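Colleague: Dropping in start_34.txt, which is compact mmCIF, N, CA, C and O atoms:
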```txt
# COMPACT_ATOMS: atom_id res chain seq x y z
N MET P 1 -148.18 35.75 129.79
CA MET P 1 -146.93 36.10 130.42
C MET P 1 -146.49 35.02 131.42
O MET P 1 -145.30 34.75 131.55
N ALA P 2 -147.46 34.41 132.10
CA ALA P 2 -147.12 33.39 133.08
C ALA P 2 -146.49 32.17 132.41
O ALA P 2 -145.61 31.52 132.99
N MET P 3 -146.91 31.86 131.18
CA MET P 3 -146.32 30.72 130.47
C MET P 3 -144.83 30.94 130.26
O MET P 3 -144.03 30.02 130.42
N LEU P 4 -144.44 32.15 129.95
CA LEU P 4 -143.03 32.48 129.79
C LEU P 4 -142.28 32.33 131.11
O LEU P 4 -141.17 31.78 131.15
N VAL P 5 -142.90 32.75 132.20
CA VAL P 5 -142.28 32.64 133.52
C VAL P 5 -142.09 31.18 133.89
O VAL P 5 -141.03 30.78 134.38
N TRP P 6 -143.11 30.35 133.65
CA TRP P 6 -142.99 28.92 133.97
C TRP P 6 -141.89 28.27 133.12
O TRP P 6 -141.10 27.47 133.63
N ALA P 7 -141.85 28.60 131.84
CA ALA P 7 -140.82 28.03 130.96
C ALA P 7 -139.42 28.46 131.40
O ALA P 7 -138.49 27.64 131.41
N MET P 8 -139.26 29.71 131.77
CA MET P 8 -137.94 30.19 132.20
C MET P 8 -137.51 29.56 133.52
O MET P 8 -136.33 29.29 133.73
N MET P 9 -138.46 29.31 134.42
CA MET P 9 -138.12 28.65 135.68
C MET P 9 -137.71 27.21 135.41
O MET P 9 -136.76 26.70 136.02
N GLY P 10 -138.40 26.53 134.52
CA GLY P 10 -138.01 25.18 134.14
C GLY P 10 -136.62 25.15 133.53
O GLY P 10 -135.80 24.29 133.83
N LEU P 11 -136.34 26.13 132.68
CA LEU P 11 -135.01 26.24 132.06
C LEU P 11 -133.94 26.52 133.10
O LEU P 11 -132.85 25.94 133.06
N ALA P 12 -134.25 27.37 134.06
CA ALA P 12 -133.27 27.70 135.10
C ALA P 12 -132.94 26.47 135.95
O ALA P 12 -131.77 26.22 136.26
N LEU P 13 -133.95 25.71 136.31
CA LEU P 13 -133.69 24.52 137.13
C LEU P 13 -133.03 23.41 136.32
O LEU P 13 -132.28 22.60 136.88
N TRP P 14 -133.28 23.38 135.03
CA TRP P 14 -132.63 22.38 134.18
C TRP P 14 -131.12 22.53 134.20
O TRP P 14 -130.39 21.54 134.10
N HIS P 15 -130.63 23.74 134.35
CA HIS P 15 -129.19 23.96 134.35
C HIS P 15 -128.48 23.19 135.47
O HIS P 15 -127.30 22.87 135.35
N PHE P 16 -129.17 22.88 136.54
CA PHE P 16 -128.56 22.16 137.65
C PHE P 16 -128.42 20.66 137.38
O PHE P 16 -127.83 19.95 138.19
N THR P 17 -128.96 20.17 136.26
CA THR P 17 -128.83 18.74 135.96
C THR P 17 -127.40 18.36 135.59
O THR P 17 -127.10 17.18 135.51
N ILE P 18 -126.53 19.34 135.37
CA ILE P 18 -125.14 18.99 135.06
C ILE P 18 -124.45 18.35 136.26
O ILE P 18 -123.42 17.70 136.10
N PHE P 19 -125.02 18.54 137.45
CA PHE P 19 -124.43 17.95 138.65
C PHE P 19 -124.89 16.52 138.89
O PHE P 19 -124.44 15.88 139.84
N LEU P 20 -125.79 16.02 138.06
CA LEU P 20 -126.29 14.65 138.18
C LEU P 20 -125.65 13.77 137.12
O LEU P 20 -125.27 14.25 136.05
N PRO P 21 -125.55 12.46 137.38
CA PRO P 21 -125.06 11.57 136.34
C PRO P 21 -126.01 11.58 135.15
O PRO P 21 -127.22 11.68 135.31
N ASP P 22 -125.47 11.49 133.95
CA ASP P 22 -126.30 11.58 132.75
C ASP P 22 -126.97 10.24 132.48
O ASP P 22 -126.56 9.48 131.60
N ARG P 23 -128.02 9.97 133.23
CA ARG P 23 -128.79 8.76 133.04
C ARG P 23 -130.22 9.10 132.62
O ARG P 23 -131.12 8.29 132.73
N PHE P 24 -130.42 10.31 132.13
CA PHE P 24 -131.74 10.76 131.73
C PHE P 24 -132.19 10.04 130.47
O PHE P 24 -131.39 9.71 129.60
N TRP P 25 -133.51 9.83 130.38
CA TRP P 25 -134.10 9.28 129.17
C TRP P 25 -133.99 10.35 128.10
O TRP P 25 -134.53 11.42 128.22
N GLY P 26 -133.22 10.11 127.07
CA GLY P 26 -133.00 11.10 126.03
C GLY P 26 -131.83 12.01 126.31
O GLY P 26 -131.65 13.01 125.62
N GLY P 27 -131.05 11.70 127.33
CA GLY P 27 -129.88 12.50 127.64
C GLY P 27 -130.24 13.87 128.20
O GLY P 27 -131.28 14.05 128.83
N ILE P 28 -129.40 14.84 127.95
CA ILE P 28 -129.60 16.17 128.50
C ILE P 28 -130.80 16.86 127.85
O ILE P 28 -131.48 17.67 128.47
N VAL P 29 -131.11 16.49 126.60
CA VAL P 29 -132.29 17.05 125.93
C VAL P 29 -133.56 16.51 126.58
O VAL P 29 -134.54 17.24 126.75
N GLY P 30 -133.54 15.26 126.99
CA GLY P 30 -134.68 14.70 127.71
C GLY P 30 -134.89 15.38 129.04
O GLY P 30 -136.03 15.64 129.45
N ALA P 31 -133.79 15.71 129.72
CA ALA P 31 -133.90 16.44 130.98
C ALA P 31 -134.48 17.83 130.75
O ALA P 31 -135.30 18.32 131.54
N PHE P 32 -134.06 18.47 129.66
CA PHE P 32 -134.59 19.79 129.32
C PHE P 32 -136.10 19.73 129.07
O PHE P 32 -136.86 20.54 129.61
N LEU P 33 -136.53 18.76 128.29
CA LEU P 33 -137.95 18.64 127.99
C LEU P 33 -138.76 18.27 129.22
O LEU P 33 -139.88 18.76 129.41
N GLY P 34 -138.20 17.42 130.08
CA GLY P 34 -138.89 17.07 131.32
C GLY P 34 -139.09 18.28 132.22
O GLY P 34 -140.17 18.49 132.78
N ALA P 35 -138.05 19.10 132.35
CA ALA P 35 -138.15 20.30 133.18
C ALA P 35 -139.14 21.30 132.59
O ALA P 35 -139.96 21.89 133.30
N LEU P 36 -139.07 21.48 131.28
CA LEU P 36 -139.94 22.45 130.62
C LEU P 36 -141.40 22.04 130.70
O LEU P 36 -142.26 22.82 131.15
N PHE P 37 -141.71 20.82 130.29
CA PHE P 37 -143.11 20.38 130.30
C PHE P 37 -143.64 20.21 131.72
O PHE P 37 -144.81 20.50 131.99
N GLY P 38 -142.80 19.74 132.64
CA GLY P 38 -143.24 19.62 134.03
C GLY P 38 -143.60 20.97 134.63
O GLY P 38 -144.63 21.11 135.30
N ALA P 39 -142.78 21.97 134.39
CA ALA P 39 -143.05 23.30 134.92
C ALA P 39 -144.33 23.88 134.33
O ALA P 39 -145.15 24.46 135.05
N ILE P 40 -144.52 23.71 133.04
CA ILE P 40 -145.71 24.27 132.39
C ILE P 40 -146.97 23.54 132.82
O ILE P 40 -147.99 24.18 133.13
N ILE P 41 -146.94 22.22 132.88
CA ILE P 41 -148.13 21.46 133.24
C ILE P 41 -148.56 21.75 134.68
O ILE P 41 -149.74 21.97 134.95
N ILE P 42 -147.62 21.76 135.61
CA ILE P 42 -147.98 22.05 137.00
C ILE P 42 -148.40 23.51 137.16
O ILE P 42 -149.33 23.82 137.90
N GLY P 43 -147.76 24.41 136.44
CA GLY P 43 -148.17 25.80 136.48
C GLY P 43 -149.60 25.97 135.99
O GLY P 43 -150.39 26.73 136.56
N LEU P 44 -149.94 25.28 134.92
CA LEU P 44 -151.32 25.32 134.43
C LEU P 44 -152.29 24.70 135.43
O LEU P 44 -153.38 25.23 135.66
N ALA P 45 -151.91 23.58 136.02
CA ALA P 45 -152.79 22.91 136.98
C ALA P 45 -153.06 23.78 138.20
O ALA P 45 -154.19 23.82 138.70
N VAL P 46 -152.06 24.47 138.69
CA VAL P 46 -152.24 25.33 139.86
C VAL P 46 -153.20 26.48 139.55
O VAL P 46 -153.97 26.90 140.42
N ASN P 47 -153.20 26.95 138.32
CA ASN P 47 -154.03 28.08 137.94
C ASN P 47 -155.34 27.66 137.26
O ASN P 47 -155.96 28.47 136.57
N GLY P 48 -155.75 26.44 137.44
CA GLY P 48 -157.00 25.99 136.87
C GLY P 48 -156.99 25.89 135.36
O GLY P 48 -158.00 26.11 134.71
N PHE P 49 -155.86 25.53 134.79
CA PHE P 49 -155.65 25.37 133.34
C PHE P 49 -155.99 26.63 132.56
O PHE P 49 -156.53 26.57 131.46
N THR P 50 -155.69 27.77 133.17
CA THR P 50 -155.72 29.05 132.48
C THR P 50 -154.35 29.70 132.63
O THR P 50 -153.64 29.42 133.59
N VAL P 51 -154.01 30.56 131.69
CA VAL P 51 -152.71 31.23 131.74
C VAL P 51 -152.94 32.68 132.18
O VAL P 51 -153.58 33.44 131.46
N PRO P 52 -152.45 33.07 133.37
CA PRO P 52 -152.60 34.46 133.80
C PRO P 52 -151.85 35.41 132.87
O PRO P 52 -150.79 35.08 132.34
N GLY P 53 -152.42 36.58 132.70
CA GLY P 53 -151.80 37.59 131.85
C GLY P 53 -150.71 38.34 132.59
O GLY P 53 -150.24 37.93 133.67
N GLU P 54 -150.34 39.47 132.04
CA GLU P 54 -149.25 40.26 132.63
C GLU P 54 -149.61 40.78 134.02
O GLU P 54 -148.77 40.81 134.91
N VAL P 55 -150.86 41.16 134.20
CA VAL P 55 -151.29 41.70 135.50
C VAL P 55 -151.32 40.61 136.57
O VAL P 55 -151.03 40.86 137.73
N GLY P 56 -151.65 39.38 136.17
CA GLY P 56 -151.74 38.29 137.13
C GLY P 56 -150.44 37.56 137.39
O GLY P 56 -150.42 36.55 138.09
N THR P 57 -149.34 38.04 136.83
CA THR P 57 -148.05 37.38 136.99
C THR P 57 -147.25 38.06 138.10
O THR P 57 -147.01 39.26 138.05
N HIS P 58 -146.88 37.25 139.10
CA HIS P 58 -146.13 37.76 140.25
C HIS P 58 -144.94 36.83 140.52
O HIS P 58 -144.74 35.86 139.80
N LEU P 59 -144.20 37.12 141.57
CA LEU P 59 -143.08 36.26 141.94
C LEU P 59 -143.57 34.85 142.29
O LEU P 59 -142.90 33.86 141.98
N SER P 60 -144.74 34.76 142.89
CA SER P 60 -145.28 33.45 143.24
C SER P 60 -145.58 32.62 142.00
O SER P 60 -145.61 31.38 142.06
N THR P 61 -145.80 33.25 140.87
CA THR P 61 -146.03 32.52 139.62
C THR P 61 -144.80 31.71 139.24
O THR P 61 -144.91 30.58 138.78
N ALA P 62 -143.64 32.28 139.45
CA ALA P 62 -142.40 31.55 139.17
C ALA P 62 -142.21 30.39 140.13
O ALA P 62 -141.74 29.32 139.74
N LEU P 63 -142.57 30.59 141.38
CA LEU P 63 -142.41 29.53 142.37
C LEU P 63 -143.37 28.37 142.14
O LEU P 63 -143.09 27.25 142.58
N GLU P 64 -144.47 28.61 141.46
CA GLU P 64 -145.41 27.53 141.14
C GLU P 64 -144.79 26.51 140.21
O GLU P 64 -145.18 25.34 140.22
N ALA P 65 -143.83 26.90 139.42
CA ALA P 65 -143.22 26.01 138.43
C ALA P 65 -142.13 25.14 139.01
O ALA P 65 -141.75 24.14 138.39
N VAL P 66 -141.63 25.45 140.19
CA VAL P 66 -140.50 24.70 140.76
C VAL P 66 -140.85 23.23 141.00
O VAL P 66 -140.10 22.35 140.55
N PRO P 67 -141.96 22.90 141.67
CA PRO P 67 -142.25 21.47 141.87
C PRO P 67 -142.46 20.73 140.56
O PRO P 67 -142.06 19.57 140.44
N GLY P 68 -143.07 21.38 139.59
CA GLY P 68 -143.29 20.72 138.30
C GLY P 68 -142.00 20.44 137.57
O GLY P 68 -141.84 19.37 136.98
N ALA P 69 -141.10 21.39 137.58
CA ALA P 69 -139.81 21.18 136.91
C ALA P 69 -139.03 20.06 137.59
O ALA P 69 -138.45 19.21 136.91
N LEU P 70 -139.02 20.06 138.90
CA LEU P 70 -138.30 19.00 139.62
C LEU P 70 -138.95 17.64 139.39
O LEU P 70 -138.25 16.63 139.23
N ALA P 71 -140.27 17.60 139.35
CA ALA P 71 -140.96 16.34 139.09
C ALA P 71 -140.70 15.85 137.66
O ALA P 71 -140.51 14.65 137.44
N GLY P 72 -140.67 16.77 136.72
CA GLY P 72 -140.38 16.39 135.34
C GLY P 72 -138.97 15.85 135.17
O GLY P 72 -138.74 14.86 134.47
N ILE P 73 -138.01 16.51 135.82
CA ILE P 73 -136.63 16.03 135.77
C ILE P 73 -136.51 14.66 136.43
O ILE P 73 -135.85 13.76 135.91
N ALA P 74 -137.17 14.49 137.57
CA ALA P 74 -137.12 13.21 138.28
C ALA P 74 -137.75 12.10 137.45
O ALA P 74 -137.22 10.98 137.38
N LEU P 75 -138.86 12.38 136.81
CA LEU P 75 -139.53 11.39 135.98
C LEU P 75 -138.64 10.93 134.83
O LEU P 75 -138.46 9.73 134.60
N VAL P 76 -138.03 11.87 134.14
CA VAL P 76 -137.16 11.54 133.01
C VAL P 76 -135.92 10.79 133.50
O VAL P 76 -135.43 9.88 132.84
N TYR P 77 -135.43 11.15 134.68
CA TYR P 77 -134.26 10.47 135.23
C TYR P 77 -134.58 9.01 135.57
O TYR P 77 -133.84 8.10 135.19
N PHE P 78 -135.70 8.79 136.25
CA PHE P 78 -136.03 7.43 136.65
C PHE P 78 -136.44 6.55 135.48
O PHE P 78 -136.20 5.34 135.51
N VAL P 79 -137.02 7.12 134.44
CA VAL P 79 -137.29 6.35 133.23
C VAL P 79 -135.96 5.95 132.59
O VAL P 79 -135.80 4.80 132.13
N GLY P 80 -135.00 6.85 132.57
CA GLY P 80 -133.68 6.53 132.04
C GLY P 80 -132.97 5.46 132.85
O GLY P 80 -132.31 4.57 132.28
N VAL P 81 -133.10 5.50 134.16
CA VAL P 81 -132.49 4.49 135.01
C VAL P 81 -133.13 3.13 134.75
O VAL P 81 -132.44 2.11 134.68
N ARG P 82 -134.45 3.11 134.60
CA ARG P 82 -135.14 1.84 134.34
C ARG P 82 -134.72 1.24 133.01
O ARG P 82 -134.68 0.03 132.84
N GLN P 83 -134.41 2.09 132.03
CA GLN P 83 -133.98 1.59 130.73
C GLN P 83 -132.52 1.16 130.73
O GLN P 83 -132.05 0.61 129.74
N GLY P 84 -131.83 1.42 131.80
CA GLY P 84 -130.45 0.97 131.90
C GLY P 84 -129.44 1.93 131.31
O GLY P 84 -128.36 1.50 130.92
N ASN P 85 -129.79 3.19 131.20
CA ASN P 85 -128.81 4.17 130.71
C ASN P 85 -127.68 4.27 131.73
O ASN P 85 -127.89 4.61 132.87
N GLU P 86 -126.49 3.96 131.29
CA GLU P 86 -125.33 4.02 132.17
C GLU P 86 -124.67 5.38 132.10
O GLU P 86 -124.60 5.99 131.05
N ALA P 87 -124.20 5.82 133.22
CA ALA P 87 -123.47 7.09 133.27
C ALA P 87 -122.15 6.92 132.53
O ALA P 87 -121.47 5.91 132.67
N THR P 88 -121.79 7.92 131.75
CA THR P 88 -120.53 7.82 131.00
C THR P 88 -119.51 8.77 131.55
O THR P 88 -119.77 9.72 132.16
```
Would you mind writing the file's structure down as structure tokens?
Modeller:
Amino acid sequence: MAMLVWAMMGLALWHFTIFLPDRFWGGIVGAFLGALFGAIIIGLAVNGFTVPGEVGTHLSTALEAVPGALAGIALVYFVGVRQGNEAT
């Protein structure tokens, strides 16, 4: 259940990338994948690479994914900037 929460938090934060210039590596799809994988990887790392079940899922589980999603979006953005993706 926690994996679903992490993925949904990554998806929710990805929606805010429309306010940034589109310089992401892979465009908006790259930003989506960065947010999704960042949220899941950091969520797993915080929980010792185990996925809590339904009983172990709380509001704090969703908050664990926020730094990962932001880091994933930032990573994809800066890779895109380094490659010279120009905002259109």
Colleague: Go through P:Phe32, P:Met1, P:Ala74, P:Gly84 and flag the residue nearest Thr57 of chain P, using all atoms listed in the file for the distances.
Modeller: P:Met1
Colleague: Which residue gives the smallest distance to Ala2 of chain P among P:Ile73, P:Asn47, P:Val66, P:Asn85, with only C-alpha atoms counted?
Modeller: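 Distance minimum relative to Ala2 of chain P lands on P:Asn47.
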Colleague: Give me the residues near Trp14 of chain P as a count of residues only, where near means some atom within 7 Å (using all atoms listed in the file) and where sequence neighbours in that chain fewer than 6 positions away do not count.
Modeller: 6
Colleague: Name the closest residue to Ile40 of chain P among the candidates P:Val76, P:Thr17, P:Arg82, P:Ala62; distances are taken between atoms, counting only C-alpha atoms.
Modeller: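 Residue with the minimum atom-to-atom distance to Ile40 of chain P: P:Ala62.
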Colleague: Can you work out the spacing between atom N of Gly68 of chain P and atom CA of Gln83 of chain P in Å, to one decimal?
Modeller: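 Between atom N of Gly68 of chain P and atom CA of Gln83 of chain P the gap works out to 23.5 Å.
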Colleague: Grab the atom CA of Glu86 of chain P to atom CA of Leu36 of chain P distance for me, in Å with one decimal place.
Modeller: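 Distance between the two atoms: 23.6 Å.
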Colleague: If I take atom C of Phe78 of chain P and atom C of Arg23 of chain P, how far is one from the other in Å, to one decimal?
Modeller: 7.3 Å
Colleague: Nearest to Phe16 of chain P among P:Ile41, P:Leu70, P:His58, P:Leu63, with distances taken over only C-alpha atoms: which residue is it?
Modeller: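 Nearest candidate to Phe16 of chain P out of P:Ile41, P:Leu70, P:His58, P:Leu63: P:Leu70.
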Colleague: Please identify which residues in chain P DSSP calls helix (DSSP H, G or I) from the backbone, and express them as a VMD selection string.
Modeller: chain P and resid 2 to 19 27 to 46 59 to 82
Colleague: Skip Ile42 of chain P itself and residues of its chain fewer than 4 positions away, then list as a PyMOL selection string all residues within 7 Å of it, counting all atoms listed in the file.
Modeller: chain P and resi 37-38+46-48+64-65+67-69
Colleague: Draw an axis-aligned box over all listed atoms of segment 42-49 of chain P, pad each side with 4 Å, and write its centre and edge lengths in Å, one decimal, as lines of an AutoDock Vina configuration file.
Modeller:
```
center_x = -152.8
center_y = 25.1
center_z = 135.9
size_x = 18.4
size_y = 14.7
size_z = 17.0
```
Colleague: Of the residues P:Gly34, P:Gly43, P:Gly27, P:Gly80, which is the one nearest to Leu11 of chain P, using only C-alpha atoms?
Modeller: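 Ranking P:Gly34, P:Gly43, P:Gly27, P:Gly80 by distance to Leu11 of chain P, first place goes to P:Gly34.
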